[in-house]
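Remarks on the structure that follows.
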Amino acid sequence: MAHRTVPVRAAPLPEQTVTEAPVPTATPNASYSFVMRLRMSAADATAMGRITTAVGSSGGIVVAIDMVDTASEVLTLDLSVNAGDQDQAARIQDAVGAVDGVEVHKVSDRTFLMHLGGKLEVAPTVPLKTRDDLSMAYTPGVARVCMAIHDTPEDARTLTIKGNTVAIVTDGTAVLGLGDIGPEAAMPVMEGKAALFKHFAGVDGFPICLDTKDVDEIVAVCRAIAPTFGGINLEDISAPRCFEIEERLRAELDIPIFHDDQHGTAIVVLAALINALKVVGKDLGDVTVAMSGAGASATACARLLMAEGVKDVIAADRHGILGPDRDGLDASKRWFVEHGNREGRTGTLLDALDGADVFLGLSGPDLFDASELARMASGAVVFALANPTPEVDPTAAHTYAAVVATGRSDYPNQINNVLAFPGVFRGAFDAKARFITEEMKVAAARAIAAVITPEELRPEYIIPSVFNDRVAPAVAEAVAASARRG
């Protein structure tokens, strides 16, 4: 039966040929979920079964059935379905539309529906119901508060939003796995980051998406808006510019500066590694890490791991191992040559795996077959963090590794920055810290690791869930204590 599809998105899902067997795709998940408004005869007792069979045979999962109208001869219902990707979503819609006696009235993409109008709002924290309320919150009473801050600028941290507000600053050049998509397209990610700050730690974040890639301009803008914010979270800014921006802002401002792509990743990786090594009976000081990637997150991870005593880090970029034979490297990559790869290895990433205790992937998808992990030492730990497709198949990796972690939510041991950044800023704000120090990062990592008790620790559970409500308070307390110690 012909049908009409009206998805709520920038463009309709592409037309696909209906197939009898499911086409291999990613695991169905909520990020590709949609709602189909269906109409059918109320007298057709088998229609619902045929519909769910069509969804299942196309590889989708029915997650909800909501009746809209059951009072007439035509039954109207909303069918919520999870797909694995956009193409599979289109195949499912075609398959359901082909069911005899069923009309697909419209299709709405649930992820796009969630983003309609944005994910944030500004709301007052004080009552504005009476003349007295207005006189104190605004003129004339507010003038007394303004002058108090004029006389003692530090009071802005307690008498304004400054003490609990972070600017989430990006230029949109390195967004998720999407790359340089620009400031407007980066906004949904920054809104999401702000929502996470609020939900997990009560921190008010606001997106600042800049239409410039110039380092001087970005630094100047951050410096100019600093009076409003208690901290700046740099986000999705490409390397090597992100290093210079962070360094300059740390030198010029008296509020915490935190580049989450670097330091959030490093904190959670260290936390996961602390527990993974407990599982396999190894110490940080005895392990060698083979690392895929040499960008911002890889550099921060290597620095933090080696500062905490990791024996060696052998990093490889797309051209091979960073070693003494490599010329023309930028400053961040030269760091790997000067401080890691102590054996002076050369060759490819696979050569870096030889005898390594840990593989840390911070690069791209499907770099090698899982069988190559046999090159590693016994009790191997594999962190394949490329998202959505890891560097090596995590399911197959279990054949060769004792512990496997990814950046994905549909596998055990998800290494996710949300475990770190809300609590880090909460703790920094609580302690009125002016900087995020290396000691504070280590304290955060140890706090995350300690959330999992010795009784709970096992190969499939080395890092707590992002929804574990003990994480953010533990991180905040540890960070604040470290900040107060100086």
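How things are named: the first chain in the structure tokens is A, the next is B, and so on; residues count from 1 in each chain; ligands count from 1 in the order shown.
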So which bits of segment 171-221 of chain A end up strand (DSSP E or B) when you DSSP the backbone, as an MDAnalysis selection string?
chainID A and resid 175 179 204:209
Need the shell around Gln93 of chain A: protein/DNA/RNA residues with any atom at most 9 Å away, counting only C-alpha atoms. Skip same-chain ones fewer than 5 positions apart. Format as a list of chain:residue names?
A:Thr5, A:Met36, A:Val55, A:Gln88, A:Ala98, A:Val104, A:Val107
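Between atom CA of Ser482 of chain A and atom CA of Phe467 of chain A the interatomic distance comes to 24.4 Å.
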With a distance cut-off of 12 Å and only C-alpha atoms, select the neighbouring residues of Arg345 of chain A, excluding the residue or stretch itself and same-chain residues fewer than 3 positions from it, and output the selection as JSON, numbers by chain.
{"A": [290, 312, 313, 314, 315, 316, 320, 321, 322, 323, 324, 325, 326, 336, 337, 340, 341, 342, 348, 349, 350, 351, 352, 353, 354]}
Distance query segment 154-166 of chain A at most 6 Å, only C-alpha atoms, self and fewer than 4 positions along chain excluded, as a list in words:
Ile149, Val203, Asp204, Gly205, Thr228, Phe229, Gly230, Gly231 and Ile232 of chain A
